[in-house]
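Q: One structure, as structure tokens, below. Some questions next.
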Amino acid sequence: MTATVPLNAYLILSAALFVIGVAGVLIRRNVLVIFMAIELMLNAVNLTFVAFARFLHSMDGQIIVLFVMAVAAAEVAIGLAIIIALHRNKESMNVDEINLLKG
Amino acid sequence: MIWLIPIIPLAGSLIVGLIGRRMPRTLATVIACGTPSLSLLLSVMAFVRLLQMPAEGRLLRSSIGSWIASGDFSVSFGFLFDPLSAIMALVVCGVGLLIHIYSIGYMAEDRDYHRFFALLNLFLAEMLVLVLADNYLLLFVGWEGVGLCSYLLIGFWFERPAAASAGTKAFLVNRIGDGAMVVGLIWMILLFGSVDFQTVLTDAPTVLVYGSVTASLLTLLLFIGATGKSAQLPLYVWLPDAMEGPTPVSALIHAATMVTAGIYLVARSAPLFQLAPVSLEIVAWVGGLTALYAASIALVQTDIKRIIAYSTISQLGYMFLGLGVGAYAAGIFHLMTHAFFKALLFLSAGSVIHALAGEQDIRKMGGLRQFLRVTAGSFLVGALANAGIAPFAGFWSKDEILAAVYASGHGPLWVIGALTAAGTGLYMFRLYFLAFEGKSRLDAHMLSHLHEAPWSMRLPLVLLALGSATVGFVGVPPGSGLLQRFLGPVFPASAHEATAEPTSEVVLAVAVLAMAVGGIVMAYRYYLLDPQRSEALAARYPALYRTFFHKYWVDELYETAVVRPTVTSARTLSELFDARIVDGSVNGIAALAARAGSLLRRLQTGQVPTYILSILVGAVVLLGYLAFSG
Amino acid sequence: MEWLVFVPLAAMALVTAVLVIILRNPVYCALSLVGTFFALSGIYLLLQAQFVAVVQVIVYAGAIMVLFLFVVMLLDLGHELPAWLQRDRPRLLIGAGAVAILLLELVIPVGSWTARAPHGPQTSEVVGAAGNTQLVGRLLFTEFLVPFEITSIILLIAIIGAMVLARR
Amino acid sequence: MELILPQIDWAPFVPLAPVAIGGLTTLTAELFLPPGRKHLVAILSLIALAAAILLSINSWGPVLDPDRRMVRYGIHDSVVLDRFSLFFYLVLGLIGVLTILLSMGYLHNAAPDQGEYYSLVLFSVLGMMLMAAGGDLIVIFLGLETFSLALYTLAGFRKTELRSNESALKYLLLGAFASGFFLYGIALIYGATGTTILRQITAFLADGHPPEPLFLIGGGLLLVGFGFKIASVPFHMWAPDVYEGAPTSVTAFMIAGTKAAAFAAFLRVFLLALPALHMRWSAAIWVLAVLTMTVGNLVALVQSNIKRMFAYSSIAHAGYLLVALVAGGSSGIASILFYLVAYALMNLGAFAVIIAVQDGERERLLLTDYAGLGWQRPVLAACMAVFMFSLSGIPPTAGFMGKLYIFSAALAGDYPGLAVIGVLNSVISVYFYLRVIVIMYMSEAASPLPDRSRGQAPAVPASAAAVLAVLVSVLGTLHLGLFPARLLDLARQSVSVIAG
Amino acid sequence: MSPTGGPILSMLIIIPLCGALVLVCIDGAREALIKRLALAISSLVFLLSLIVYAQFDPATAGMQFVERAPWIDSIGSSYLLGVDGISLPLLLLTTFLTPIAILASFSGITSRVKAYMICMLLLQAGMIGVFVALDLILFYLFWEGMLIPMYFLIGVWGGRRRVYATLKFVLFTMAGSVLMLLAMIAVAFLHQGSTGRSTFDLLELIGGSIPYGTQLWLFAAFALAFAIKVPMFPFHTWLPDAHVEAPTAGSVLLAGVLLKMGTYGFLRFALPLFPEAAAAFTPLISVLAVIGILYGALVAMVQDDLKRLVAYSSVSHLGFVMLGIFAMNVQAVEGSILQMVNHGLSTGALFLLVGMIYERRHTRMIEEFGGLSRVLPRFALCFLVVTMSSIGLPGLNGFVGEFLILAGTFRAHKGFAILAAIGIILAAVYMLWMWQRVMWGQSRRAENLTLNDIGRREMAMLMPIILLILWIGLNPNPLLRRMDASVAQLVEQVAGSPKADLPLLLRGFALQGLQPEFAHAIFTPNSQPRNPCESWN
């Protein structure tokens, strides 16, 4: 066992987190939880960036993470606003009940 | 100048047809009858000029110009006046003129008087184009043109369903023959590069090998055309029905002129036929069989015009018989005499019908002679001529044909011809006796209506009767009469005419004459002396009688074998194949697309998880391919 | 040594992540997510990304999650059925298959990947000398100036959007 | 510690600046304008876009030196200035102008006149421009997020309408999900190459590094992201729902703008950064193209809502564009550029008609609402007909020329099968486009609107701005249909500088 | 440049376009003015086309009145117009029939007159364009563009099932022509590959050496487009629907001109561009043509709608034309071109006549009529002439064309000519049967007895056609002479290619399909690594 954790470990972890996020988006009905799952995906990506940054000796990855966080925050802000607007018109948070538009 | 001969009646037709209604009726009549007179005059003048020429080079030509020129093929509006055309033109114009005059009286009451004369003129024009054309294609113009006129004239009283369908039938049956003829013509172009009589007929011996299949097929195609127009087996069926037209039309078109076009065609193409012995044989047999066949049907018909119509078919059969054995001049001779006496018969019949307010059934007539003396007299002349009783016209020409048949060694055909002669005597005089002699069977209405025809009708009758009685003498003595000598140069030298010894010829003639007289006597006995005996005869041979009476069921046969299958298959094609399969597959493809669209649409559930799944599956597949496909 | 830190953190991240997607109460989900964030923050530290680790806690765990909880509470959302009861089976099966394959597709390449010799300029020494935060700041305002500015616009849009959509 | 600001080449930012400034200005101006004069905000944003267009045109010459391939890079390659970006600036500027014109008519009736609307439009145009010009995957991602976030908001702009809410929510959920993939792709590529800058990635690959699974997966994830944005099957399902629910003017903008921006970035990435992947990608995209065309057209056949029909139609058009992408070659790429212009004109034009013919508050959203329109609004309906003919690719319209180029590129690239599938698809599409005309001209009007052909004047006057948008589009559509050469030359020039 | 020194062909296209523009500006309520103006404009175009006819040099085989201007340089397409002996008759037919069709609409069209007339003028421009365009792309532009006004004519002013008919018409046509477009592009590429010049100039493309296997595919694409337009069996089902539903003028132009575009396309494009493939396809197409002749005639026979009957008769007639074209000798081809004109005249007139009784009785069902000859004598006369022309009565125009076709076909293939001759017989069958049921017999409805005979305006429409029918029948040479040189040149270009029989053709296709690289190109993406940047560096 080497002293340092190899990059692959971080990458596998982040891949697993990403897939968990994807699975969450897929199986959950509650819009908010779906949002959380998406955040999970973005966090997984962040982990990848940081891990690469560490092993490539490049700070770029870390900077990018900051942008991603900003974007994530923005998405959440707008997303929650939409949910609130929606909630005023329809008291449901289940995505499969939001199906006025189809066909 | 020659080209004027057909053009003048054409002009007359246009004038009468388009503006005739707006001019006084007399003027229209004068124009309508004046144009055939002019044509006749011109023909006579041309004929005279022809006679002034040396016998071997009797030929007048005139050309208006090129008609169709395409690539290496060209054909002109050219007319030709040689002895053969001369005879035809004279017959057409002469008989035509008489019938025009006759029609003035016959059609006087008809509201479509102008239309009738316009069509009659048009017919004359087309017929003259047919006989004067110097090439096959122009001949074909006249050929189909007379067909059109015939169609329109048969259907002249188009409001009668029978007339309408008879017209259509005539055109269509003719068209079948014409189709074959067109094929013949295009083949001719391929072979000769031309359709000019001169080129084709001159080059024929070099281009076609004697007895070759090509020669046979080519001539047969032409002959099929001729059988259509000249009402021979198996395309004769239209002619009896054509009697739905006004009687002058029957006289002019369906007896004297148009139906002889086929004879003319074959005679004109004699150099071609001469190269195709098989075709000649077929022509002879078709002619002979038709003659007998039609005569047998004529024996039992009751419609006055139909009897004459079958007689026409039978006589045309004689002509073909003559042509088929190479006796071209004899065929034309019979054509000429036939034109006279058959026109006469028809016009007389017309006169009868006119007098009886349209009645045509001979069983309802009888004893007419006492009321219609001129008519009866002229009919009798015509009947005698038709039956081939010497010295009337029909005797000479028929005799010459049968002599040639015998001379060419066609024994069976001669027998057929002789039998037909007997039949002719029988049916002609059956008709005569039933209609004009014996007791009157007229009803009161007819009797009150009964009157002799006006002068315009009587005059042609008398003239034609004279002609029928005398015109035969142009062919006397047989084989070397005026007519034969005049026509001789037109036909190939190899034509073996009248090679039999004079003595045997006389014997044959007497034999045939005896047969004809026998027929007449039989008619006298069965129909005048003791009408019951005819019925007894019919009862004795019911199958034969029914066969004759129903015209061998040929119409029915065509109906079941040709017409109905065609219509049924057309309906099947239209309703099943076209609508279901061809159109159905088109609509099917469209429906398939719409169906696919609807199915795909159902995937669009409106639910986010579905969409996510779609993206996910897409991504998985895509990644799988991109990263792991090697 | 690092393993001792990494393994628990990784385990925690995974467990909390799974909890996020299987817990039925959204509030618990959110709290689990906070756990994930913290675990990741720890891993960032392990990866010598101190600034990111701090921002992770402040922005994510602090701001975003509070927002989430706020909305959850505000809208008073009920529970939902467990995943395996709520959907039609085929879709679930396909989804499960797809997720599994996706996992393989991601894990195999990243797991088997052998890093090349690092060639970036920011070696541990450089970073150590300059300090992580300073370096981030410097890059942010030089090389990443444009993205940075764009980010500001993104946040502005988010503000406008949230305002437009959420106000009555 | 000293902050050393780099030497900055400002030129690449010049055309972007007016849009960004315009976005901020309209936002501010909205606060200060009295309620009656809010339309000035729209004018202001038009000015900003016009300025951007003018500056782009101005840059076209200087940037391009015929002798050298002139490309200028913004800070750290973040923004690239070349004719490719300029072409897209012009296209996006046009889209922006038309969008604002038709929005003026729409918002007047449909939604409270809100200044934020225009600034959001401007910001999203900015994001699209950044996407087109981005030389760095991160900039491209941020550009994508910029316009996406603005569009999420715009889609939900009629917030009292459940459909609008639903549209925004679906767009956001699915968009964020796809962004996750896209971002993960960037991360993997970053890991594999050590950089996110396109030029460096190219250099890295050209150095003899074979593409590894990590890189391939990264590329694939990018493809998923792009596929989502251009609404390619099977990543397309958001589009119909979002397009239907969003306010009509926004739908128009999304249909035209998103596609252009996404394709701009797609092309740049596809052509510049990843030539090594080309072979495999084109096989994948071949399949995507066929699926996209076919599914789009088939489902559009059975639609009854006009916006939804356009949504599927836009999916199908993405398929055609992908055909050209597969075909590649300078003519293929140029044909994409040309087609995007034609596409923008005909779609925006059609939507402008939809807005111009709305009947007071009532929008005509069902196809049946258009019955008899041809005689009630002859000019607008005729323009609609032109757009329909153009969309179905019947000459003499821009749509025809666009298809001509695309399919000739496909043939040039040796993809006859793709070309055949493409043209057959366009035949399918004829049906539903012509159905609009059928309904307009060949069925009887149900509504009591006056019939112009019988000499009656229309009841509700159409918005002048929307009509202007219609006219601009229709003239453009016909002009490009008859005289396409100029634009095609521009497209070719733009493409010729992209390599390097 | 044309001998007149002016761009007369462009004028022919532009005048109706400008006319349409003028009409747009006129108040739709002034219908009388609009009608007259449209008639005047289209008549003006006809007069101009007479100048083309008069100044046409029959001795020149090549294109005359050529106009060339740059258009889309980047793909090598240019604005290129010209006429030769093949297109001249059709051009004249178009300009001749349009005013008549417009005149025919004066009474039949009562609503939306302005839009209608605009469509008519646009249609005229499009049709003329098709016959004079010599650049493939330009041709395609007119070819498809012309669909638009026709689409409206059928769809707006048509009968009960007009929408179905018009969509079917457009979709069918499009389905064929898009593949042709691809083939056109392919031709240009192949030419570019061998000469380095990118062009869509037809005259330059002819004579290029396209490999045999490729020719087969390209020819098939062209042939499909044209065969649908002709329409050849089995692509004909759009025609009856379109004809039945179209307004009278629409049917007139559809039958009179539009169908000719297909046959013209074969002559102008498909044959000279792909002579070897054309030779290989000859048996197949001839067989289809013969089937079309017989099939169209048989199906026409049992139709009970007059327009449908005439429509199917077109299938039959056009079969003749196709047969003649593929006989590939001077007579047959000239006959075909002449027959195109003839069919345009006679079928156009038939539709006019059917339209006239439709206007009077509002039905086209044969069973509704009967005995019309009595009530409508003038009508009957005109109808008769046209009917006879249609069934090819010698002395009228139809005969000349049919005869030349048959003569030429017989040269090439005896069997087909004989079968086609059966078609002549059948033509008489369905036409005369129809005539018998409609014009003869007793009227089956009392309404028929009070109909008005055709008036002066209707005579004005029919007389020119009837005169031409007679004139061409008696003197076809002026037209034939003008075709001679061009047709001879065409035949020379095309003939001499070895003819293949049907199995050989199929085998040719199969081999093509089985060749790995070919199958690959058709069914799978290109596997060769292809650097997209290569062409730019």
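Please note that chains go A, B, ... in the order of the structure tokens, that every chain numbers its residues from 1, and that ligands are numbered from 1 in the order shown.
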Using only C-alpha atoms, which residues of chain B come within 9 Å of chain A, and what is the closest atom pair for each, with the distance in Å to one decimal? Give it as a tab-separated table, sorted by chain and residue number.
A:
```
residue	atom	partner	partner_atom	distance
B:Ser598	CA	A:Gly103	CA	8.8
B:Leu600	CA	A:Gly103	CA	8.9
B:Arg601	CA	A:Gly103	CA	5.3
B:Arg602	CA	A:Gly103	CA	6.2
B:Leu603	CA	A:Gly103	CA	7.6
B:Gln604	CA	A:Gly103	CA	5.0
B:Thr605	CA	A:Lys102	CA	5.4
B:Gly606	CA	A:Lys102	CA	4.0
B:Gln607	CA	A:Asp96	CA	4.9
B:Val608	CA	A:Val95	CA	6.2
B:Pro609	CA	A:Leu26	CA	5.7
B:Thr610	CA	A:Leu26	CA	8.4
B:Ile612	CA	A:Leu26	CA	6.3
B:Leu613	CA	A:Leu26	CA	6.7
B:Leu616	CA	A:Val22	CA	8.4
```
Q: Would you save the residues from that selection as a PDB file, in the first residue's frame, using N, CA, C and O atoms?
A:
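Full text of again13.pdb as output:
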```
ATOM      1  N   SER B 598     -47.492   8.387 -34.629  1.00  0.00           N
ATOM      2  CA  SER B 598     -48.325   8.266 -33.431  1.00  0.00           C
ATOM      3  C   SER B 598     -47.645   7.397 -32.381  1.00  0.00           C
ATOM      4  O   SER B 598     -47.687   7.705 -31.188  1.00  0.00           O
ATOM      5  N   LEU B 600     -44.409   6.846 -31.999  1.00  0.00           N
ATOM      6  CA  LEU B 600     -43.283   7.570 -31.415  1.00  0.00           C
ATOM      7  C   LEU B 600     -43.785   8.662 -30.471  1.00  0.00           C
ATOM      8  O   LEU B 600     -43.172   8.965 -29.457  1.00  0.00           O
ATOM      9  N   ARG B 601     -44.909   9.210 -30.849  1.00  0.00           N
ATOM     10  CA  ARG B 601     -45.451  10.286 -30.050  1.00  0.00           C
ATOM     11  C   ARG B 601     -45.793   9.810 -28.638  1.00  0.00           C
ATOM     12  O   ARG B 601     -45.698  10.561 -27.677  1.00  0.00           O
ATOM     13  N   ARG B 602     -46.200   8.552 -28.587  1.00  0.00           N
ATOM     14  CA  ARG B 602     -46.592   8.053 -27.272  1.00  0.00           C
ATOM     15  C   ARG B 602     -45.413   7.941 -26.320  1.00  0.00           C
ATOM     16  O   ARG B 602     -45.583   7.861 -25.110  1.00  0.00           O
ATOM     17  N   LEU B 603     -44.216   7.917 -26.885  1.00  0.00           N
ATOM     18  CA  LEU B 603     -43.040   7.918 -26.009  1.00  0.00           C
ATOM     19  C   LEU B 603     -42.899   9.254 -25.289  1.00  0.00           C
ATOM     20  O   LEU B 603     -42.297   9.349 -24.229  1.00  0.00           O
ATOM     21  N   GLN B 604     -43.443  10.272 -25.942  1.00  0.00           N
ATOM     22  CA  GLN B 604     -43.334  11.610 -25.364  1.00  0.00           C
ATOM     23  C   GLN B 604     -44.414  11.775 -24.311  1.00  0.00           C
ATOM     24  O   GLN B 604     -45.446  12.390 -24.534  1.00  0.00           O
ATOM     25  N   THR B 605     -44.137  11.173 -23.094  1.00  0.00           N
ATOM     26  CA  THR B 605     -45.200  11.053 -22.117  1.00  0.00           C
ATOM     27  C   THR B 605     -45.466  12.335 -21.363  1.00  0.00           C
ATOM     28  O   THR B 605     -46.439  12.431 -20.642  1.00  0.00           O
ATOM     29  N   GLY B 606     -44.578  13.285 -21.495  1.00  0.00           N
ATOM     30  CA  GLY B 606     -44.726  14.477 -20.693  1.00  0.00           C
ATOM     31  C   GLY B 606     -44.090  14.335 -19.318  1.00  0.00           C
ATOM     32  O   GLY B 606     -44.105  15.259 -18.524  1.00  0.00           O
ATOM     33  N   GLN B 607     -43.553  13.173 -19.023  1.00  0.00           N
ATOM     34  CA  GLN B 607     -42.988  12.953 -17.692  1.00  0.00           C
ATOM     35  C   GLN B 607     -41.464  13.009 -17.744  1.00  0.00           C
ATOM     36  O   GLN B 607     -40.824  12.323 -18.546  1.00  0.00           O
ATOM     37  N   VAL B 608     -40.945  13.823 -16.846  1.00  0.00           N
ATOM     38  CA  VAL B 608     -39.510  14.038 -16.834  1.00  0.00           C
ATOM     39  C   VAL B 608     -38.704  12.739 -16.724  1.00  0.00           C
ATOM     40  O   VAL B 608     -37.724  12.574 -17.441  1.00  0.00           O
ATOM     41  N   PRO B 609     -39.107  11.817 -15.867  1.00  0.00           N
ATOM     42  CA  PRO B 609     -38.287  10.600 -15.757  1.00  0.00           C
ATOM     43  C   PRO B 609     -38.103   9.885 -17.099  1.00  0.00           C
ATOM     44  O   PRO B 609     -37.019   9.366 -17.372  1.00  0.00           O
ATOM     45  N   THR B 610     -39.147   9.893 -17.917  1.00  0.00           N
ATOM     46  CA  THR B 610     -38.997   9.256 -19.227  1.00  0.00           C
ATOM     47  C   THR B 610     -37.905   9.955 -20.022  1.00  0.00           C
ATOM     48  O   THR B 610     -37.077   9.323 -20.685  1.00  0.00           O
ATOM     49  N   ILE B 612     -35.492  11.747 -18.919  1.00  0.00           N
ATOM     50  CA  ILE B 612     -34.182  11.471 -18.327  1.00  0.00           C
ATOM     51  C   ILE B 612     -33.688  10.099 -18.798  1.00  0.00           C
ATOM     52  O   ILE B 612     -32.544   9.921 -19.214  1.00  0.00           O
ATOM     53  N   LEU B 613     -34.601   9.166 -18.772  1.00  0.00           N
ATOM     54  CA  LEU B 613     -34.226   7.809 -19.172  1.00  0.00           C
ATOM     55  C   LEU B 613     -33.756   7.805 -20.614  1.00  0.00           C
ATOM     56  O   LEU B 613     -32.765   7.151 -20.964  1.00  0.00           O
ATOM     57  N   LEU B 616     -30.393   9.164 -20.757  1.00  0.00           N
ATOM     58  CA  LEU B 616     -29.458   8.240 -20.137  1.00  0.00           C
ATOM     59  C   LEU B 616     -29.138   7.073 -21.060  1.00  0.00           C
ATOM     60  O   LEU B 616     -27.972   6.747 -21.298  1.00  0.00           O
TER      61      LEU B 616
END
```
Q: Which residues of chain C come within 12 Å of chain B, and what is each one's closest atom pair and distance in Å (one decimal), counting only C-alpha atoms, sorted by chain and residue number, as a tab-separated table?
A:
```
residue	atom	partner	partner_atom	distance
C:Ala83	CA	B:Pro609	CA	11.7
C:Gln86	CA	B:Pro609	CA	11.7
C:Arg87	CA	B:Pro609	CA	9.6
C:Asp88	CA	B:Thr610	CA	11.0
C:Pro90	CA	B:Thr610	CA	11.2
C:Arg91	CA	B:Thr610	CA	7.8
C:Leu92	CA	B:Leu613	CA	9.3
C:Leu93	CA	B:Leu613	CA	10.7
C:Ile94	CA	B:Leu613	CA	8.1
C:Gly95	CA	B:Leu613	CA	6.3
C:Ala96	CA	B:Leu613	CA	9.9
C:Gly97	CA	B:Val617	CA	9.1
C:Ala98	CA	B:Val617	CA	5.9
C:Val99	CA	B:Leu616	CA	7.8
C:Ala100	CA	B:Val620	CA	9.6
C:Ile101	CA	B:Val620	CA	6.8
C:Leu102	CA	B:Val620	CA	5.7
C:Leu103	CA	B:Val620	CA	9.4
C:Leu104	CA	B:Gly624	CA	9.7
C:Glu105	CA	B:Gly624	CA	6.8
C:Leu106	CA	B:Leu623	CA	9.0
C:Ile108	CA	B:Ala627	CA	10.3
C:Pro109	CA	B:Ala627	CA	8.6
C:Val110	CA	B:Ala627	CA	11.8
```
Q: Take atom CA of B:Ala231 and atom CA of B:Ser408 and report the distance between them in Å, one decimal.
A: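 Separation between atom CA of B:Ala231 and atom CA of B:Ser408: 24.8 Å.
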Q: As a PyMOL selection string, please: the residues near stretch 205-215 of chain E (cut-off 10 Å, only C-alpha atoms, same-chain neighbours under 6 positions excluded).
A: chain E and resi 135-136+183+186-188+190-192+194-195+198-199+221+269-278+280+493-494+508-509+511-513+518
Q: Residues of chain D were defined as contacting chain A if any atom lay at most 6 Å from it, counting only C-alpha atoms; please report them as number ranges by chain.
A: D: 162, 165, 180, 184, 187, 191, 241
Q: Report as a tab-separated table the residues of chain E within 6 Å of chain B, each with its shortest atom pair and distance in Å (one decimal), using only C-alpha atoms, ordered by chain and increasing residue number.
A:
```
residue	atom	partner	partner_atom	distance
E:Thr237	CA	B:Asp583	CA	5.7
E:Leu298	CA	B:Ala570	CA	4.9
E:Val299	CA	B:Ser574	CA	5.1
E:Val302	CA	B:Arg571	CA	5.9
E:Val330	CA	B:Gly71	CA	5.6
E:Gln331	CA	B:Ser70	CA	5.6
E:Pro394	CA	B:Val141	CA	4.7
E:Gly395	CA	B:Val141	CA	5.9
E:Ala407	CA	B:Ile186	CA	4.7
E:Ala421	CA	B:Gly179	CA	5.6
E:Ile425	CA	B:Arg175	CA	5.7
E:Trp440	CA	B:Phe158	CA	5.1
E:Gly441	CA	B:Glu159	CA	4.1
E:Gln442	CA	B:Glu159	CA	5.2
E:Asn475	CA	B:Trp67	CA	5.7
E:Asn477	CA	B:Ile68	CA	5.8
```
Q: Residues as selected, C-alpha atoms, written as a PDB file, in the first residue's frame, can you do that?
A:
```pdb
ATOM      1  CA  THR E 237     -52.356   7.388 -58.919  1.00  0.00           C
ATOM      2  CA  LEU E 298     -58.572  -0.293 -69.627  1.00  0.00           C
ATOM      3  CA  VAL E 299     -59.012   1.578 -66.409  1.00  0.00           C
ATOM      4  CA  VAL E 302     -64.704   1.765 -66.598  1.00  0.00           C
ATOM      5  CA  VAL E 330     -35.710  10.282 -85.015  1.00  0.00           C
ATOM      6  CA  GLN E 331     -39.251   9.380 -85.957  1.00  0.00           C
ATOM      7  CA  PRO E 394     -55.957  10.444 -89.212  1.00  0.00           C
ATOM      8  CA  GLY E 395     -56.119  13.966 -90.451  1.00  0.00           C
ATOM      9  CA  ALA E 407     -43.280   3.692 -86.792  1.00  0.00           C
ATOM     10  CA  ALA E 421     -51.373  -0.551 -81.470  1.00  0.00           C
ATOM     11  CA  ILE E 425     -57.946   0.346 -80.370  1.00  0.00           C
ATOM     12  CA  TRP E 440     -75.865  10.061 -77.452  1.00  0.00           C
ATOM     13  CA  GLY E 441     -78.867   8.185 -76.265  1.00  0.00           C
ATOM     14  CA  GLN E 442     -81.621   9.678 -74.183  1.00  0.00           C
ATOM     15  CA  ASN E 475     -49.496  20.113 -91.633  1.00  0.00           C
ATOM     16  CA  ASN E 477     -44.142  19.799 -90.784  1.00  0.00           C
TER      17      ASN E 477
END
```
Q: Hey, which bits of stretch 13-96 of chain A sit within 8 Å of stretch 134-144 of chain C, and for each residue what's the closest pair of atoms and how far apart in Å (one decimal), counting only C-alpha atoms, rows by chain and increasing number, as JSON lines?
A:
```
{"residue": "A:Met59", "atom": "CA", "partner": "C:Val136", "partner_atom": "CA", "distance": 7.2}
{"residue": "A:Gln62", "atom": "CA", "partner": "C:Val136", "partner_atom": "CA", "distance": 7.6}
{"residue": "A:Ile63", "atom": "CA", "partner": "C:Val136", "partner_atom": "CA", "distance": 6.4}
```
Q: Could you please select, counting only C-alpha atoms, the residues of chain C within 10 Å of chain D and state them as number ranges by chain?
A: C: 105-116, 118-120, 130, 134-135, 137-139, 141-148, 150-158, 160-168
Q: Can you list, as a PyMOL selection string, every residue of stretch 186-277 of chain B that DSSP puts in alpha helix (DSSP H)?
A: chain B and resi 186-192+197-207+213-229+238-241+247-251+261-268+270-273+277
Q: Using only C-alpha atoms, which residues sit within 12 Å of E:Ala32 once same-chain residues fewer than 5 positions away are excluded, as a ChimeraX atom specification?
A: /E:23,26-27,37-39,103,105-107,109-110,113-114,117
Q: Residues within 10 Å of B:Ile64, please, as a list in words. Count only C-alpha atoms; anything in the same chain fewer than 5 positions from it doesn't count.
A: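 The neighbour list is Met1, Ile2, Trp3, Ser76, Phe77, Gly78 and Phe79 of chain B.
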Q: Show me which bits of chain D are within 9 Å of chain B, counting only C-alpha atoms, as a ChimeraX atom specification.
A: /D:170,173-174,177-178,181,212-221,223-224,228,233-238,240-241,277,280-281,284,295-303,428
Q: Hey, what does DSSP flag as strand (DSSP E or B) within stretch 197-443 of chain E? Can you give it to me as a list in words?
A: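 Of stretch 197-443 of chain E, the ones in strand (DSSP E or B) are Asp201, Asp305, Met365, Pro394 and Leu396 of chain E.
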Q: Dump as a PyMOL selection string the residues of chain D that approach chain E to within 7 Å, counting only C-alpha atoms.
A: chain D and resi 275+279+283+286+328-330+394-396+408+411+414-417+420+423-424+427+430-431+438+441-442+453-455+484-485+496+499
Q: Skip B:Val286 itself and residues of its chain fewer than 4 positions away, then list as a PyMOL selection string all residues within 10 Å of it, counting only C-alpha atoms.
A: chain B and resi 227+232-234+280-282+290-291+317-318+320-321+324
